[in-house]
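Coordinates from data_18.tsv are shown below (TSV, C-alpha atoms).
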chain	number	residue	atom	x	y	z
J	1	MET	CA	-75.73	-24.10	-12.83
J	2	SER	CA	-72.92	-25.44	-10.72
J	3	ALA	CA	-71.34	-23.06	-8.23
J	4	ARG	CA	-67.98	-23.72	-9.88
J	5	THR	CA	-69.11	-21.79	-12.96
J	6	ASP	CA	-70.70	-18.81	-11.23
J	7	PHE	CA	-67.60	-16.65	-11.66
J	8	LEU	CA	-68.35	-16.28	-15.39
J	9	GLN	CA	-72.12	-16.11	-15.19
J	10	ASN	CA	-74.19	-12.96	-15.70
J	11	PRO	CA	-71.32	-10.46	-15.93
J	12	PRO	CA	-72.12	-6.81	-15.26
J	13	ALA	CA	-72.23	-4.34	-18.09
J	14	PHE	CA	-68.88	-2.98	-19.32
J	15	PRO	CA	-69.65	-0.30	-21.93
J	16	ILE	CA	-66.08	-0.08	-23.24
J	17	LEU	CA	-65.29	-3.79	-23.18
J	18	GLY	CA	-68.71	-4.60	-24.58
J	19	ASN	CA	-67.71	-3.03	-27.90
J	20	LEU	CA	-64.88	-5.52	-28.40
J	21	ARG	CA	-65.53	-8.14	-31.05
J	22	ASP	CA	-62.73	-10.51	-30.13
J	23	PRO	CA	-61.96	-12.06	-26.69
J	24	PHE	CA	-58.32	-12.39	-27.81
J	25	ALA	CA	-58.01	-8.61	-28.33
J	26	PHE	CA	-55.92	-7.94	-25.23
J	27	GLN	CA	-53.91	-11.14	-25.64
J	28	GLN	CA	-53.05	-10.22	-29.24
J	29	LEU	CA	-51.92	-6.74	-28.20
J	30	LEU	CA	-49.54	-8.17	-25.59
J	31	ASP	CA	-48.33	-10.85	-27.99
J	32	ARG	CA	-47.37	-8.26	-30.58
J	33	CYS	CA	-45.34	-6.37	-27.99
J	34	ILE	CA	-43.51	-9.15	-26.13
J	35	GLY	CA	-45.17	-12.46	-27.08
J	36	PHE	CA	-44.12	-15.45	-29.16
J	37	ILE	CA	-46.91	-16.09	-31.69
J	38	HIS	CA	-46.92	-12.96	-33.84
J	39	TRP	CA	-43.70	-12.64	-35.87
J	40	ASP	CA	-43.49	-10.38	-38.89
J	41	THR	CA	-40.13	-8.74	-39.49
J	42	LYS	CA	-41.81	-6.10	-41.64
J	43	SER	CA	-43.92	-5.01	-38.68
J	44	ALA	CA	-42.71	-2.28	-36.32
J	45	PHE	CA	-44.12	-4.28	-33.40
J	46	THR	CA	-41.96	-7.29	-34.24
J	47	ARG	CA	-38.82	-5.17	-34.66
J	48	ALA	CA	-39.43	-3.48	-31.32
J	49	LYS	CA	-40.11	-6.89	-29.75
J	50	LEU	CA	-36.83	-8.28	-31.08
J	51	LEU	CA	-34.98	-5.27	-29.72
J	52	LEU	CA	-36.56	-5.64	-26.27
J	53	LEU	CA	-35.87	-9.38	-26.15
J	54	ALA	CA	-32.26	-8.84	-27.27
J	55	PHE	CA	-31.74	-6.19	-24.57
J	56	THR	CA	-33.36	-8.38	-21.91
J	57	GLY	CA	-31.25	-11.40	-22.81
J	58	ALA	CA	-28.02	-9.41	-23.05
J	59	TYR	CA	-28.54	-7.64	-19.71
J	60	TYR	CA	-29.48	-10.91	-18.00
J	61	THR	CA	-26.45	-12.76	-19.39
J	62	LEU	CA	-24.10	-9.95	-18.42
J	63	SER	CA	-25.63	-9.85	-14.92
J	64	CYS	CA	-24.96	-13.56	-14.45
J	65	LEU	CA	-21.33	-13.19	-15.63
J	66	CYS	CA	-20.72	-10.22	-13.33
J	67	LEU	CA	-22.28	-12.03	-10.37
J	68	ALA	CA	-19.68	-14.78	-10.71
J	69	ARG	CA	-16.90	-12.17	-10.21
J	70	ILE	CA	-18.38	-10.59	-7.07
J	71	ASN	CA	-17.06	-11.49	-3.62
J	72	PRO	CA	-20.08	-11.99	-1.30
J	73	THR	CA	-18.17	-10.64	1.70
J	74	GLU	CA	-17.69	-7.27	-0.03
J	75	VAL	CA	-21.41	-6.76	-0.75
J	76	PRO	CA	-24.26	-6.15	1.71
J	77	LEU	CA	-26.16	-9.38	2.27
J	78	ASP	CA	-29.52	-8.00	1.11
J	79	HIS	CA	-27.93	-6.63	-2.09
J	80	PHE	CA	-26.21	-9.93	-2.82
J	81	PHE	CA	-29.51	-11.70	-2.28
J	82	GLY	CA	-31.17	-9.28	-4.74
J	83	MET	CA	-28.58	-10.14	-7.38
J	84	TRP	CA	-29.42	-13.83	-7.08
J	85	PHE	CA	-33.11	-13.00	-7.20
J	86	LEU	CA	-32.61	-11.56	-10.68
J	87	VAL	CA	-30.86	-14.76	-11.77
J	88	GLY	CA	-33.53	-17.08	-10.36
J	89	GLY	CA	-36.51	-14.91	-11.29
J	90	GLY	CA	-35.19	-14.25	-14.77
J	91	CYS	CA	-34.58	-17.94	-15.43
J	92	SER	CA	-38.13	-18.77	-14.28
J	93	CYS	CA	-39.76	-16.11	-16.43
J	94	PHE	CA	-37.68	-16.86	-19.52
J	95	SER	CA	-38.36	-20.59	-19.21
J	96	GLN	CA	-42.13	-20.02	-19.05
J	97	TRP	CA	-41.94	-17.92	-22.20
J	98	TYR	CA	-39.60	-20.37	-23.95
J	99	VAL	CA	-41.55	-23.60	-23.39
J	100	LEU	CA	-44.57	-22.00	-25.08
J	101	ALA	CA	-42.51	-20.26	-27.75
J	102	ILE	CA	-41.16	-23.57	-29.07
J	103	GLU	CA	-44.78	-24.68	-29.54
J	104	ARG	CA	-45.85	-21.42	-31.15
J	105	ARG	CA	-47.03	-22.97	-34.43
J	106	HIS	CA	-49.36	-25.37	-32.67
J	107	LEU	CA	-50.61	-22.67	-30.31
J	108	ALA	CA	-51.19	-20.32	-33.25
J	109	LYS	CA	-53.23	-23.06	-34.93
J	110	VAL	CA	-55.42	-23.46	-31.84
J	111	ILE	CA	-55.96	-19.72	-31.41
J	112	GLU	CA	-56.72	-19.23	-35.10
J	113	PHE	CA	-59.33	-22.00	-34.89
J	114	LEU	CA	-61.01	-20.33	-31.91
J	115	MET	CA	-60.86	-16.90	-33.54
J	116	ASP	CA	-62.50	-18.33	-36.65
J	117	LEU	CA	-65.38	-19.66	-34.52
J	118	GLN	CA	-65.69	-16.24	-32.93
J	119	ARG	CA	-65.77	-14.46	-36.29
J	120	ARG	CA	-68.44	-16.75	-37.73
J	121	GLY	CA	-70.72	-16.21	-34.74
J	122	VAL	CA	-69.57	-12.90	-33.33
J	123	ASP	CA	-73.10	-11.84	-32.37
J	124	HIS	CA	-74.02	-15.09	-30.63
J	125	PRO	CA	-75.62	-14.13	-27.27
J	126	THR	CA	-73.36	-16.42	-25.24
J	127	ARG	CA	-70.21	-15.03	-26.88
J	128	VAL	CA	-71.45	-11.48	-26.40
J	129	ARG	CA	-72.18	-12.21	-22.73
J	130	TYR	CA	-68.80	-13.76	-21.96
J	131	ARG	CA	-66.51	-11.63	-24.12
J	132	PRO	CA	-66.22	-8.60	-21.77
J	133	ARG	CA	-65.57	-10.83	-18.77
J	134	ILE	CA	-62.75	-12.73	-20.50
J	135	VAL	CA	-61.04	-9.50	-21.58
J	136	LEU	CA	-61.54	-8.04	-18.10
J	137	TYR	CA	-59.95	-11.10	-16.46
J	138	SER	CA	-56.97	-10.76	-18.79
J	139	ILE	CA	-56.53	-7.08	-17.97
J	140	ILE	CA	-56.86	-7.61	-14.21
J	141	HIS	CA	-54.37	-10.47	-14.26
J	142	TRP	CA	-51.90	-8.47	-16.36
J	143	THR	CA	-52.25	-5.43	-14.08
J	144	THR	CA	-51.73	-7.54	-10.95
J	145	ASN	CA	-48.55	-9.14	-12.27
J	146	VAL	CA	-47.15	-5.90	-13.64
J	147	SER	CA	-47.76	-4.23	-10.28
J	148	GLN	CA	-45.81	-7.01	-8.58
J	149	THR	CA	-42.96	-6.60	-11.07
J	150	VAL	CA	-42.84	-2.84	-10.52
J	151	VAL	CA	-42.65	-3.42	-6.75
J	152	TRP	CA	-39.70	-5.75	-7.22
J	153	SER	CA	-37.94	-3.32	-9.56
J	154	ALA	CA	-38.32	-0.53	-6.99
J	155	THR	CA	-37.18	-2.77	-4.11
J	156	LEU	CA	-34.11	-4.17	-5.89
J	157	ILE	CA	-33.09	-1.08	-7.85
J	158	PHE	CA	-29.62	-0.87	-6.22
J	159	THR	CA	-28.75	-4.57	-6.49
J	160	SER	CA	-27.41	-4.68	-10.02
J	161	SER	CA	-24.42	-7.03	-10.22
J	162	ILE	CA	-23.20	-5.13	-13.30
J	163	ALA	CA	-22.97	-1.92	-11.28
J	164	TYR	CA	-21.02	-3.64	-8.47
J	165	ALA	CA	-18.61	-5.31	-10.88
J	166	ALA	CA	-18.02	-2.25	-13.09
J	167	SER	CA	-15.16	0.15	-12.40
J	168	SER	CA	-16.45	3.01	-14.56
J	169	TRP	CA	-18.98	5.37	-12.97
J	170	PHE	CA	-20.72	5.78	-16.35
J	171	VAL	CA	-21.30	2.02	-16.61
J	172	LYS	CA	-22.56	1.98	-13.02
J	173	VAL	CA	-25.12	4.68	-13.79
J	174	LEU	CA	-26.32	2.91	-16.92
J	175	ALA	CA	-26.57	-0.39	-15.02
J	176	TYR	CA	-28.72	1.21	-12.30
J	177	VAL	CA	-30.89	3.03	-14.86
J	178	PHE	CA	-31.60	-0.07	-16.95
J	179	PHE	CA	-31.97	-2.48	-14.02
J	180	PRO	CA	-35.67	-1.71	-13.29
J	181	VAL	CA	-36.37	-1.84	-17.03
J	182	GLU	CA	-34.81	-5.31	-17.11
J	183	ILE	CA	-36.93	-6.50	-14.16
J	184	VAL	CA	-40.15	-5.26	-15.78
J	185	LEU	CA	-39.31	-6.83	-19.15
J	186	ILE	CA	-38.47	-10.17	-17.54
J	187	GLY	CA	-41.79	-10.09	-15.70
J	188	LEU	CA	-43.65	-9.31	-18.92
J	189	THR	CA	-42.25	-12.40	-20.65
J	190	ALA	CA	-43.88	-14.62	-18.01
J	191	ASN	CA	-47.01	-12.49	-17.90
J	192	VAL	CA	-47.73	-12.74	-21.62
J	193	SER	CA	-47.49	-16.54	-21.47
J	194	GLN	CA	-50.05	-16.62	-18.65
J	195	ILE	CA	-52.45	-14.29	-20.46
J	196	ASN	CA	-52.17	-16.49	-23.55
J	197	THR	CA	-52.95	-19.62	-21.54
J	198	PHE	CA	-55.83	-18.21	-19.48
J	199	THR	CA	-57.54	-16.53	-22.43
J	200	THR	CA	-57.40	-19.69	-24.54
J	201	LEU	CA	-58.78	-21.82	-21.70
J	202	LEU	CA	-61.72	-19.48	-21.17
J	203	VAL	CA	-62.56	-19.18	-24.86
J	204	PHE	CA	-62.53	-22.97	-25.17
J	205	ALA	CA	-64.93	-23.16	-22.23
J	206	VAL	CA	-67.31	-20.69	-23.91
J	207	GLU	CA	-67.24	-22.63	-27.19
J	208	PHE	CA	-68.08	-25.90	-25.45
J	209	GLU	CA	-70.97	-24.21	-23.65
J	210	ILE	CA	-72.31	-22.90	-26.96
J	211	LEU	CA	-71.94	-26.34	-28.49
J	212	GLY	CA	-73.93	-27.88	-25.65
J	213	GLU	CA	-76.72	-25.34	-26.21
J	214	ASP	CA	-76.71	-26.09	-29.95
J	215	PHE	CA	-76.88	-29.84	-29.32
J	216	ARG	CA	-79.85	-29.42	-27.02
J	217	ARG	CA	-81.71	-27.20	-29.47
J	218	ALA	CA	-80.95	-29.50	-32.42
J	219	PHE	CA	-82.23	-32.56	-30.56
J	220	ASP	CA	-85.33	-30.73	-29.32
J	221	GLU	CA	-86.20	-29.54	-32.82
J	222	TRP	CA	-84.75	-32.70	-34.44
J	223	LYS	CA	-82.86	-30.92	-37.21
J	224	LEU	CA	-80.58	-33.58	-38.65
J	225	ASP	CA	-78.38	-31.15	-40.57
J	226	ASP	CA	-77.78	-29.14	-37.41
J	227	LEU	CA	-77.06	-32.33	-35.47
J	228	LYS	CA	-74.49	-33.49	-37.99
J	229	SER	CA	-72.89	-30.03	-37.95
J	230	CYS	CA	-72.72	-30.14	-34.14
J	231	VAL	CA	-71.13	-33.61	-34.23
J	232	ARG	CA	-68.42	-32.37	-36.60
J	233	ARG	CA	-67.84	-29.25	-34.50
J	234	HIS	CA	-67.64	-31.35	-31.34
J	235	GLN	CA	-64.99	-33.58	-32.87
J	236	ARG	CA	-62.99	-30.60	-34.09
J	237	LEU	CA	-63.18	-28.83	-30.72
J	238	LEU	CA	-61.99	-31.96	-28.94
J	239	GLU	CA	-59.07	-32.30	-31.35
J	240	MET	CA	-58.02	-28.69	-30.76
J	241	VAL	CA	-58.39	-28.80	-26.97
J	242	MET	CA	-56.39	-32.05	-26.84
J	243	LEU	CA	-53.66	-30.42	-28.93
J	244	PHE	CA	-53.64	-27.43	-26.61
J	245	ARG	CA	-53.50	-29.74	-23.58
J	246	ASP	CA	-50.52	-31.68	-24.96
J	247	LYS	CA	-48.55	-28.52	-25.74
J	248	LEU	CA	-49.28	-27.13	-22.28
J	249	LYS	CA	-47.92	-30.02	-20.19
J	250	MET	CA	-44.37	-28.78	-19.66
J	251	TYR	CA	-45.56	-25.21	-19.16
J	252	LEU	CA	-48.01	-26.26	-16.42
J	253	LEU	CA	-45.34	-28.39	-14.71
J	254	LEU	CA	-42.88	-25.51	-14.81
J	255	SER	CA	-45.50	-23.05	-13.53
J	256	LEU	CA	-46.48	-25.35	-10.66
J	257	GLN	CA	-42.85	-25.67	-9.59
J	258	ILE	CA	-42.20	-21.94	-9.89
J	259	TYR	CA	-45.23	-20.99	-7.82
J	260	PHE	CA	-44.43	-23.62	-5.20
J	261	PHE	CA	-40.93	-22.21	-4.70
J	262	SER	CA	-42.19	-18.63	-4.96
J	263	ILE	CA	-44.82	-19.14	-2.28
J	264	THR	CA	-42.40	-21.05	-0.05
J	265	PHE	CA	-39.76	-18.35	-0.51
J	266	CYS	CA	-42.26	-15.63	0.43
J	267	CYS	CA	-43.21	-17.62	3.52
J	268	VAL	CA	-39.57	-17.86	4.59
J	269	MET	CA	-39.03	-14.15	4.01
J	270	LEU	CA	-42.22	-13.35	5.91
J	271	VAL	CA	-41.03	-15.33	8.93
J	272	ILE	CA	-37.70	-13.49	8.94
J	273	GLN	CA	-39.35	-10.10	8.50
J	274	LEU	CA	-41.88	-10.76	11.25
J	275	LYS	CA	-39.01	-11.66	13.56
J	276	THR	CA	-36.88	-8.63	12.68
J	277	GLY	CA	-39.72	-6.13	12.13
J	278	ASP	CA	-38.60	-5.41	8.56
J	279	ASN	CA	-40.80	-2.77	6.89
J	280	GLN	CA	-40.59	-4.64	3.57
J	281	MET	CA	-43.07	-7.15	4.92
J	282	VAL	CA	-45.79	-5.39	2.91
J	283	TYR	CA	-43.93	-6.15	-0.33
J	284	THR	CA	-43.58	-9.80	0.65
J	285	MET	CA	-47.29	-10.05	1.44
J	286	THR	CA	-48.11	-8.49	-1.95
J	287	ASN	CA	-45.92	-10.99	-3.78
J	288	LEU	CA	-47.32	-13.89	-1.76
J	289	THR	CA	-50.91	-12.86	-2.54
J	290	THR	CA	-50.16	-12.51	-6.25
J	291	ALA	CA	-48.47	-15.92	-6.41
J	292	LEU	CA	-51.41	-17.58	-4.63
J	293	PHE	CA	-53.88	-15.83	-6.94
J	294	CYS	CA	-52.07	-16.94	-10.12
J	295	LEU	CA	-51.66	-20.53	-8.93
J	296	LEU	CA	-55.36	-20.84	-8.09
J	297	LEU	CA	-56.32	-19.40	-11.48
J	298	PHE	CA	-54.48	-22.21	-13.27
J	299	GLY	CA	-56.43	-24.87	-11.40
J	300	LEU	CA	-59.73	-22.98	-11.55
J	301	PHE	CA	-59.68	-22.37	-15.31
J	302	CYS	CA	-58.61	-25.94	-16.12
J	303	ASP	CA	-61.45	-27.27	-13.96
J	304	PHE	CA	-63.87	-24.82	-15.56
J	305	LEU	CA	-63.04	-26.08	-19.05
J	306	GLU	CA	-63.29	-29.71	-17.90
J	307	LEU	CA	-66.75	-28.97	-16.52
J	308	LYS	CA	-67.96	-27.35	-19.75
J	309	VAL	CA	-66.80	-30.36	-21.78
J	310	THR	CA	-68.67	-32.84	-19.59
J	311	GLU	CA	-71.78	-30.63	-19.47
J	312	ILE	CA	-72.41	-31.39	-23.15
J	313	SER	CA	-73.59	-34.89	-22.22
J	314	ASP	CA	-76.00	-33.36	-19.68
J	315	GLN	CA	-77.38	-31.00	-22.32
J	316	VAL	CA	-77.85	-33.85	-24.80
J	317	PHE	CA	-79.30	-36.29	-22.29
J	318	SER	CA	-81.84	-33.76	-20.96
J	319	SER	CA	-83.04	-32.86	-24.47
J	320	GLY	CA	-85.84	-34.54	-26.42
J	321	TRP	CA	-83.60	-37.18	-28.00
J	322	SER	CA	-85.54	-40.13	-26.52
J	323	LYS	CA	-88.64	-39.30	-28.52
J	324	SER	CA	-86.89	-38.18	-31.68
J	325	ILE	CA	-84.46	-41.08	-31.92
J	326	CYS	CA	-87.40	-43.41	-32.56
J	327	LEU	CA	-88.10	-41.48	-35.76
J	328	ASP	CA	-84.57	-41.83	-37.10
J	329	ARG	CA	-82.42	-44.58	-35.62
J	330	SER	CA	-79.53	-43.63	-37.91
J	331	MET	CA	-78.59	-40.95	-35.36
J	332	LYS	CA	-78.32	-43.47	-32.53
J	333	LYS	CA	-74.64	-44.16	-33.24
J	334	ASN	CA	-73.86	-40.43	-33.33
J	335	LEU	CA	-75.74	-39.91	-30.08
J	336	LEU	CA	-73.77	-42.62	-28.30
J	337	MET	CA	-70.52	-41.21	-29.68
J	338	ILE	CA	-71.37	-37.73	-28.39
J	339	LEU	CA	-72.17	-39.03	-24.92
J	340	MET	CA	-68.99	-41.10	-24.78
J	341	ARG	CA	-66.75	-38.28	-26.02
J	342	SER	CA	-68.19	-35.71	-23.65
J	343	GLN	CA	-67.69	-38.02	-20.67
J	344	LYS	CA	-64.00	-38.45	-21.49
J	345	ARG	CA	-61.94	-36.05	-19.40
J	346	ILE	CA	-59.41	-33.75	-21.02
J	347	LYS	CA	-57.05	-34.22	-18.06
J	348	PHE	CA	-54.77	-31.21	-18.06
J	349	THR	CA	-51.58	-32.41	-16.44
J	350	CYS	CA	-48.27	-31.00	-15.29
J	351	GLY	CA	-45.86	-32.98	-17.42
J	352	ASP	CA	-47.96	-36.17	-17.05
J	353	ILE	CA	-47.05	-36.17	-13.34
J	354	TYR	CA	-49.76	-34.17	-11.57
J	355	ALA	CA	-53.27	-33.29	-12.63
J	356	MET	CA	-53.68	-29.54	-13.01
J	357	SER	CA	-56.80	-28.81	-10.97
J	358	ILE	CA	-57.93	-26.71	-8.06
J	359	VAL	CA	-57.33	-29.74	-5.80
J	360	THR	CA	-53.67	-29.95	-6.85
J	361	CYS	CA	-53.23	-26.22	-6.34
J	362	MET	CA	-54.76	-26.41	-2.86
J	363	ASN	CA	-52.41	-29.30	-1.99
J	364	VAL	CA	-49.45	-27.16	-3.02
J	365	ILE	CA	-50.73	-24.29	-0.88
J	366	ASN	CA	-51.23	-26.64	2.08
J	367	MET	CA	-47.62	-27.81	1.76
J	368	CYS	CA	-46.42	-24.21	1.74
J	369	TYR	CA	-48.58	-23.37	4.74
J	370	SER	CA	-47.20	-26.36	6.65
J	371	ALA	CA	-43.67	-25.14	5.95
J	372	PHE	CA	-44.66	-21.64	7.08
J	373	THR	CA	-46.15	-22.83	10.40
J	374	LEU	CA	-43.10	-25.05	11.03
J	375	LEU	CA	-40.75	-22.11	10.51
J	376	MET	CA	-42.88	-19.87	12.72
J	377	ASN	CA	-42.77	-22.41	15.54
J	378	MET	CA	-39.01	-22.79	15.19
J	379	VAL	CA	-38.52	-19.01	15.33
J	380	GLN	CA	-40.79	-18.61	18.35
J	381	ASP	CA	-39.01	-21.41	20.21
What's the structure tokens form of this structure?
Amino acid sequence: MSARTDFLQNPPAFPILGNLRDPFAFQQLLDRCIGFIHWDTKSAFTRAKLLLLAFTGAYYTLSCLCLARINPTEVPLDHFFGMWFLVGGGCSCFSQWYVLAIERRHLAKVIEFLMDLQRRGVDHPTRVRYRPRIVLYSIIHWTTNVSQTVVWSATLIFTSSIAYAASSWFVKVLAYVFFPVEIVLIGLTANVSQINTFTTLLVFAVEFEILGEDFRRAFDEWKLDDLKSCVRRHQRLLEMVMLFRDKLKMYLLLSLQIYFFSITFCCVMLVIQLKTGDNQMVYTMTNLTTALFCLLLFGLFCDFLELKVTEISDQVFSSGWSKSICLDRSMKKNLLMILMRSQKRIKFTCGDIYAMSIVTCMNVINMCYSAFTLLMNMVQD
């Protein structure tokens, strides 16, 4: 097995997670609370979600309006900077949530298809082996991002533009009280979109691995009914993964841009803090590490799925097809079609501009590092 797939191989035992029957369990829980796929106005979850989204949007809009009335010379520079951070960070998080929300029907179709495959073969050894690891990755990623959001809410708690613009002490208190809640909710909107994307990518990868195993077994045993079933499943999986890829293009482009500016911004702040000895350097390092981790996950999971799709041709070619095809040449056309389809790359892209892969992510990181070293040299000189 290639070293690129080792991170999902032979997972350790997780007694609690091992009892889960659905790799989308954690994703569905988050989606009900703050996501964009599950909408049922009769559900308490949906009503609470609408309330939270309405509060988040109202507070954000009011913050932007109040910021326009504030004189920068009358506000401490770090506080004024924190006000603009809410505007920029909120816009980034909302946009990530929105570009997936407008495609919710297509994304729901893809997830329902994958969940149906899971239900029909819930006890398949490969699904049982991978399921705890997928849920664990989702939980770790969610925890990491929430921790970063909590750090920002604690750091920027006194930078509410509403509090600075208000004349009433009661409004000021409310603005300061709800400000950290606003920061956390904004972070959750971006977080739920990432969990949705990562979970779907990993489940697709598992299904293509299972399909490759089924192809190999069907060719070895030469069961024509199983072969025809695998051919139909292969075609359907490719259709769904292509649909998912097409609906993900703008989201991946937006995410790449956001992480590029986030990493660059952290590098600039780190240079300033190293020069001034600011004790908030630890917060900056935490945010920088989280941004790097999330960016690399996008490239890693897209590459992982690409690898699983192309591995089907290896599974088929290394099976006993050469001997069996002589017995029934009617399968020759299907065999060639399978090999051709599995060799065709999915090509996850960022808005049809850049390929989303680990190579692209490393290039972005190299650009950020170059900017960091240039700034460090300028400061030292």
Which residues are near Phe301 in chain J? Cut-off 8 Å, only C-alpha atoms, ignore same chain within fewer than 5 positions. Put them as a list in words.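 Listing them by chain and then by number gives Phe198, Leu201 and Leu202 of chain J.
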Of the residues J:Phe26, J:Tyr283, J:Phe265, J:Phe204, which is the one nearest to Val110 in chain J, using all atoms listed in the file? J:Phe204
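Distance check against Leu296 in chain J using only C-alpha atoms: of J:Val359, J:Cys266, J:Met240, J:Ile258, the minimum falls on J:Val359.
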Interatomic distance between CA of Val316 in chain J and CA of Leu211 in chain J? 10.2 Å
Taking only C-alpha atoms into account, name the residue in J:Ile263, J:Val192, J:Leu156, J:Ala101 that is nearest to His141 in chain J.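 Distance minimum relative to His141 in chain J lands on J:Val192.
Across the structure, CA of Gln96 in chain J and CA of Lys308 in chain J are spaced 26.9 Å apart.
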Exercise: Met340 in chain J partners within 12 Å, only C-alpha atoms, chain neighbours under 6 positions left out, as a list in words: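 Contacts, in chain order: His234, Gln235, Val309, Thr310, Ile312, Ser313, Asp314, Val316, Phe317, Lys333 and Asn334 of chain J.
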What does the structure give for the distance between CA of Phe244 in chain J and CA of Asn366 in chain J, in Å to one decimal? 28.8 Å
Neighbours of point (-30.8, -1.9, -16.8) within 9 Å, using only C-alpha atoms, written as a PyMOL selection string: chain J and resi 55-56+59+160+162+174-183
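The smallest atom-to-atom distance between Leu307 in chain J and any of J:Pro132, J:Gly351, J:Gly212, J:Gly121, using only C-alpha atoms, is found for J:Gly212.
Nearest to Ile102 in chain J of all the residues J:Ala190, J:Leu253, J:Ile272, J:Ile37 is J:Ile37, based on only C-alpha atoms.
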Of the residues J:Leu256, J:Tyr251, J:Met285, J:Met269, which is the one nearest to Met362 in chain J, using all atoms listed in the file?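 Of all the options, J:Leu256 lies closest to Met362 in chain J.
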Spatial neighbours of Leu53 in chain J, max dist 10 Å, only C-alpha atoms, sep filter under 6 positions, as a list in words: Ile34, Gly35, Arg47, Tyr59, Glu182, Leu185, Ile186 and Thr189 of chain J
Exercise: Pro72 in chain J partners within 10 Å, all atoms listed in the file, chain neighbours under 6 positions left out, as number ranges by chain: J: 79-81
